[in-house]
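Participant: Okay, so here is protein.pdb, and as you'll see once you scroll down, it has PDB, C-alpha atoms, pLDDT in the B column.
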ATOM      1  CA  MET A   1     -13.229  52.133  11.372  1.00 77.00           C
ATOM      2  CA  PRO A   2     -11.491  50.990   8.183  1.00 86.00           C
ATOM      3  CA  ALA A   3     -12.677  47.809   6.519  1.00 90.00           C
ATOM      4  CA  ARG A   4     -10.455  44.761   6.659  1.00 92.00           C
ATOM      5  CA  PHE A   5      -9.971  42.161   3.983  1.00 87.00           C
ATOM      6  CA  LYS A   6      -8.291  38.796   4.253  1.00 90.00           C
ATOM      7  CA  MET A   7      -7.766  36.993   0.970  1.00 89.00           C
ATOM      8  CA  SER A   8      -8.493  33.303   0.777  1.00 88.00           C
ATOM      9  CA  LYS A   9      -6.312  31.527  -1.812  1.00 88.00           C
ATOM     10  CA  LYS A  10      -8.819  28.707  -1.931  1.00 89.00           C
ATOM     11  CA  GLY A  11     -11.630  31.195  -2.571  1.00 89.00           C
ATOM     12  CA  VAL A  12      -9.689  32.899  -5.375  1.00 86.00           C
ATOM     13  CA  GLY A  13      -9.056  29.502  -6.946  1.00 87.00           C
ATOM     14  CA  GLN A  14     -12.753  28.686  -6.776  1.00 89.00           C
ATOM     15  CA  LEU A  15     -13.570  32.031  -8.374  1.00 88.00           C
ATOM     16  CA  LEU A  16     -11.097  31.475 -11.229  1.00 88.00           C
ATOM     17  CA  ARG A  17     -12.730  28.098 -11.963  1.00 90.00           C
ATOM     18  CA  SER A  18     -16.324  29.283 -11.476  1.00 90.00           C
ATOM     19  CA  ARG A  19     -19.063  29.007 -14.079  1.00 92.00           C
ATOM     20  CA  MET A  20     -19.272  32.801 -14.153  1.00 94.00           C
ATOM     21  CA  ILE A  21     -15.643  33.164 -15.257  1.00 93.00           C
ATOM     22  CA  GLN A  22     -15.934  30.222 -17.659  1.00 94.00           C
ATOM     23  CA  ALA A  23     -19.021  31.815 -19.239  1.00 94.00           C
ATOM     24  CA  ASP A  24     -17.172  35.105 -19.711  1.00 94.00           C
ATOM     25  CA  MET A  25     -14.186  33.342 -21.251  1.00 94.00           C
ATOM     26  CA  LEU A  26     -16.572  31.549 -23.631  1.00 95.00           C
ATOM     27  CA  ARG A  27     -18.277  34.828 -24.543  1.00 94.00           C
ATOM     28  CA  ARG A  28     -14.928  36.444 -25.346  1.00 94.00           C
ATOM     29  CA  ALA A  29     -13.747  33.429 -27.363  1.00 95.00           C
ATOM     30  CA  GLU A  30     -16.969  33.430 -29.378  1.00 95.00           C
ATOM     31  CA  ALA A  31     -16.451  37.138 -30.136  1.00 95.00           C
ATOM     32  CA  ILE A  32     -12.936  36.329 -31.356  1.00 96.00           C
ATOM     33  CA  GLU A  33     -14.284  33.430 -33.418  1.00 96.00           C
ATOM     34  CA  ASP A  34     -16.894  35.700 -35.030  1.00 95.00           C
ATOM     35  CA  ALA A  35     -14.226  38.274 -35.881  1.00 95.00           C
ATOM     36  CA  ALA A  36     -11.943  35.560 -37.314  1.00 95.00           C
ATOM     37  CA  ILE A  37     -14.724  34.177 -39.510  1.00 95.00           C
ATOM     38  CA  ALA A  38     -15.472  37.676 -40.775  1.00 94.00           C
ATOM     39  CA  ILE A  39     -11.884  38.333 -41.890  1.00 93.00           C
ATOM     40  CA  ALA A  40     -10.851  34.798 -42.903  1.00 93.00           C
ATOM     41  CA  PRO A  41      -9.598  34.529 -46.487  1.00 91.00           C
ATOM     42  CA  VAL A  42     -11.412  32.299 -48.960  1.00 89.00           C
ATOM     43  CA  GLY A  43      -9.489  30.621 -51.781  1.00 79.00           C
ATOM     44  CA  GLY A  44      -9.864  31.602 -55.397  1.00 75.00           C
ATOM     45  CA  PRO A  45     -11.173  29.606 -58.346  1.00 77.00           C
ATOM     46  CA  SER A  46      -8.217  27.186 -58.285  1.00 79.00           C
ATOM     47  CA  ASP A  47      -8.784  26.274 -54.615  1.00 77.00           C
ATOM     48  CA  PRO A  48     -10.138  22.701 -54.379  1.00 77.00           C
ATOM     49  CA  HIS A  49     -11.828  23.460 -51.013  1.00 79.00           C
ATOM     50  CA  PRO A  50     -12.919  27.121 -50.986  1.00 84.00           C
ATOM     51  CA  GLY A  51     -14.259  28.157 -47.608  1.00 88.00           C
ATOM     52  CA  ARG A  52     -12.786  25.226 -45.652  1.00 92.00           C
ATOM     53  CA  TYR A  53     -10.548  27.472 -43.573  1.00 92.00           C
ATOM     54  CA  LYS A  54     -13.396  29.894 -42.860  1.00 93.00           C
ATOM     55  CA  SER A  55     -15.688  27.082 -41.685  1.00 93.00           C
ATOM     56  CA  SER A  56     -13.056  25.328 -39.539  1.00 95.00           C
ATOM     57  CA  PHE A  57     -12.964  27.602 -36.491  1.00 97.00           C
ATOM     58  CA  ALA A  58     -13.874  26.030 -33.141  1.00 97.00           C
ATOM     59  CA  VAL A  59     -14.121  27.194 -29.523  1.00 97.00           C
ATOM     60  CA  THR A  60     -13.345  24.974 -26.516  1.00 96.00           C
ATOM     61  CA  THR A  61     -13.554  25.742 -22.799  1.00 95.00           C
ATOM     62  CA  THR A  62     -12.164  24.163 -19.676  1.00 93.00           C
ATOM     63  CA  THR A  63     -11.953  24.914 -15.971  1.00 92.00           C
ATOM     64  CA  ARG A  64      -8.437  23.493 -15.816  1.00 90.00           C
ATOM     65  CA  GLY A  65      -6.587  25.883 -18.109  1.00 89.00           C
ATOM     66  CA  GLY A  66      -3.679  28.236 -17.752  1.00 88.00           C
ATOM     67  CA  ARG A  67      -0.072  27.457 -16.971  1.00 91.00           C
ATOM     68  CA  ARG A  68      -0.942  25.892 -13.610  1.00 90.00           C
ATOM     69  CA  LYS A  69      -4.219  24.317 -14.792  1.00 90.00           C
ATOM     70  CA  ASP A  70      -6.026  26.323 -12.129  1.00 89.00           C
ATOM     71  CA  ARG A  71      -8.430  28.592 -14.013  1.00 93.00           C
ATOM     72  CA  ALA A  72     -11.229  28.693 -16.567  1.00 93.00           C
ATOM     73  CA  THR A  73     -10.086  29.319 -20.130  1.00 95.00           C
ATOM     74  CA  ALA A  74     -11.510  29.293 -23.631  1.00 95.00           C
ATOM     75  CA  THR A  75      -9.526  28.635 -26.798  1.00 95.00           C
ATOM     76  CA  VAL A  76     -10.233  29.493 -30.422  1.00 97.00           C
ATOM     77  CA  THR A  77      -8.633  27.151 -32.945  1.00 97.00           C
ATOM     78  CA  ASN A  78      -8.850  26.366 -36.621  1.00 96.00           C
ATOM     79  CA  THR A  79      -8.865  22.691 -37.548  1.00 95.00           C
ATOM     80  CA  ALA A  80      -7.941  23.063 -41.224  1.00 93.00           C
ATOM     81  CA  TYR A  81      -4.631  21.292 -41.767  1.00 92.00           C
ATOM     82  CA  TYR A  82      -3.157  24.395 -43.414  1.00 91.00           C
ATOM     83  CA  ALA A  83      -4.314  26.905 -40.776  1.00 93.00           C
ATOM     84  CA  ARG A  84      -0.733  27.476 -39.606  1.00 95.00           C
ATOM     85  CA  TRP A  85       0.299  28.554 -43.103  1.00 93.00           C
ATOM     86  CA  VAL A  86      -2.635  30.964 -43.376  1.00 92.00           C
ATOM     87  CA  GLU A  87      -1.807  32.499 -39.994  1.00 95.00           C
ATOM     88  CA  TYR A  88       1.992  32.720 -40.306  1.00 96.00           C
ATOM     89  CA  GLY A  89       2.547  32.534 -44.069  1.00 94.00           C
ATOM     90  CA  THR A  90       5.187  30.693 -46.083  1.00 94.00           C
ATOM     91  CA  GLU A  91       7.922  31.818 -48.410  1.00 95.00           C
ATOM     92  CA  LYS A  92       5.340  31.945 -51.231  1.00 90.00           C
ATOM     93  CA  VAL A  93       2.203  32.991 -49.342  1.00 86.00           C
ATOM     94  CA  PRO A  94       1.997  36.098 -47.122  1.00 92.00           C
ATOM     95  CA  ALA A  95       0.862  35.763 -43.505  1.00 95.00           C
ATOM     96  CA  HIS A  96      -2.760  36.731 -42.885  1.00 95.00           C
ATOM     97  CA  HIS A  97      -2.623  36.709 -39.033  1.00 96.00           C
ATOM     98  CA  VAL A  98      -6.354  35.980 -38.869  1.00 95.00           C
ATOM     99  CA  LEU A  99      -6.483  34.855 -35.231  1.00 95.00           C
ATOM    100  CA  LEU A 100      -4.090  37.578 -34.094  1.00 95.00           C
ATOM    101  CA  ARG A 101      -6.174  40.312 -35.728  1.00 95.00           C
ATOM    102  CA  ALA A 102      -9.416  38.745 -34.491  1.00 95.00           C
ATOM    103  CA  ALA A 103      -8.115  38.612 -30.910  1.00 93.00           C
ATOM    104  CA  GLN A 104      -7.024  42.242 -31.104  1.00 92.00           C
ATOM    105  CA  ALA A 105     -10.408  43.301 -32.514  1.00 87.00           C
ATOM    106  CA  GLY A 106     -12.893  41.068 -30.731  1.00 71.00           C
ATOM    107  CA  GLY A 107     -11.437  39.970 -27.428  1.00 63.00           C
ATOM    108  CA  GLY A 108     -12.456  42.913 -25.307  1.00 60.00           C
ATOM    109  CA  ARG A 109     -16.209  42.855 -25.948  1.00 59.00           C
TER     110      ARG A 109
END
Show me this structure written as C-alpha cells.

Facilitator:
Amino acid sequence: MPARFKMSKKGVGQLLRSRMIQADMLRRAEAIEDAAIAIAPVGGPSDPHPGRYKSSFAVTTTTRGGRRKDRATATVTNTAYYARWVEYGTEKVPAHHVLLRAAQAGGGR
C-alpha cells in the first residue's frame, strides 16, 4: 500500500520558524561573514580609519523574516557609513562587491 502524506500549513510554518532552521540560517550567515572579512579591503596609508570596514560586519537573526515575516532568517550587514560605496563603488572608486562575493563563496557551507 502506498504511503500517504497530508501537508499541514501550520506545521510547515512552525518548521520555518523553528530553532533548527534559525540555527542553520545563523551558521550560513556566519560563514558569509567570515568570507566577507577575509576579502574586505583595508585602506592605505592615507585612510584615517584603516580596518574600520573590515571590523564592521555584523550578523542578526530573527524568526519573523522573509517577505511575509513567516520564517527564520539571518542577515549579514556592515555598519560602516561608507559600506555602500565599498560594495557598489562610485564614479571614482571601483565596486568591490564584498558581500556579493562572500555570499557566493560562503553561503552553501

Participant: Evaluating the PyMOL selection byres ((chain A and resi 98) around 9) on the displayed file yields which residues, as a PyMOL selection string?

Facilitator: chain A and resi 35-37+39-41+86-87+95-97+99-103

Participant: When distances are computed from all atoms listed in the file, which of A:Lys10, A:Phe5, A:Arg84, A:Thr61 shows the smallest separation from Glu30 of chain A?

Facilitator: A:Thr61

Participant: Find the spatial neighbours of Thr73 of chain A, counting all atoms listed in the file, within a cut-off of 8 Å - ignore same-chain residues fewer than 6 positions away - and output them as a ChimeraX atom specification.

Facilitator: /A:22,25-26,61-66

Participant: Ranking A:Arg4, A:Lys9, A:Lys54, A:Arg68 by minimum distance to Ala38 of chain A and counting only C-alpha atoms, which one comes first?

Facilitator: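 The closest residue to Ala38 of chain A is A:Lys54.
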
Participant: What does the distance from atom CA of Ala74 of chain A to atom CA of Thr60 of chain A come to in Å, to one decimal?

Facilitator: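 Separation of atom CA of Ala74 of chain A and atom CA of Thr60 of chain A: 5.5 Å.
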
Participant: Give, as JSON, the centre coordinates and the x, y and z edge lengths in Å to one decimal for an axis-aligned box around all listed atoms of segment 46-56 of chain A, padded by 4 Å on each side.

Facilitator:
{"center_x": -12.0, "center_y": 26.3, "center_z": -48.9, "size_x": 15.5, "size_y": 15.2, "size_z": 26.7}

Participant: Translate the PyMOL selection byres ((chain A and resi 82) around 12), as applied to the file shown, into an explicit residue set as a short mmCIF file (atom, residue, chain, number, x, y, z; two decimals) with C-alpha atoms, in the coordinates of the input.

Facilitator:
data_model
loop_
_atom_site.label_atom_id
_atom_site.label_comp_id
_atom_site.auth_asym_id
_atom_site.auth_seq_id
_atom_site.Cartn_x
_atom_site.Cartn_y
_atom_site.Cartn_z
CA HIS A 49 -11.83 23.46 -51.01
CA ARG A 52 -12.79 25.23 -45.65
CA TYR A 53 -10.55 27.47 -43.57
CA LYS A 54 -13.40 29.89 -42.86
CA SER A 56 -13.06 25.33 -39.54
CA ASN A 78 -8.85 26.37 -36.62
CA THR A 79 -8.86 22.69 -37.55
CA ALA A 80 -7.94 23.06 -41.22
CA TYR A 81 -4.63 21.29 -41.77
CA ALA A 83 -4.31 26.90 -40.78
CA ARG A 84 -0.73 27.48 -39.61
CA TRP A 85 0.30 28.55 -43.10
CA VAL A 86 -2.64 30.96 -43.38
CA GLU A 87 -1.81 32.50 -39.99
CA TYR A 88 1.99 32.72 -40.31
CA GLY A 89 2.55 32.53 -44.07
CA THR A 90 5.19 30.69 -46.08
CA VAL A 93 2.20 32.99 -49.34
#

Participant: Any idea what the distance is between atom CA of Met20 of chain A and atom CA of Met7 of chain A?

Facilitator: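 Value for the atom CA of Met20 of chain A-atom CA of Met7 of chain A distance: 19.5 Å.
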
Participant: Taking into account all atoms listed in the file, which residue in the set A:Thr77, A:Pro48, A:Gly106, A:Ser18 is nearest to Ala31 of chain A?

Facilitator: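 Counting all atoms listed in the file, the residue closest to Ala31 of chain A is A:Gly106.
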
Participant: Ranking A:Phe57, A:Arg19, A:Gly11, A:Ser46 by minimum distance to Asp34 of chain A and counting all atoms listed in the file, which one comes first?

Facilitator: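 Closest residue, counting all atoms listed in the file: A:Phe57.
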
Participant: Record the distance separating atom CA of Pro94 of chain A and atom CA of Glu33 of chain A, expressed in Å with one decimal.

Facilitator: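 Spanning atom CA of Pro94 of chain A to atom CA of Glu33 of chain A is a straight-line distance of 21.4 Å.
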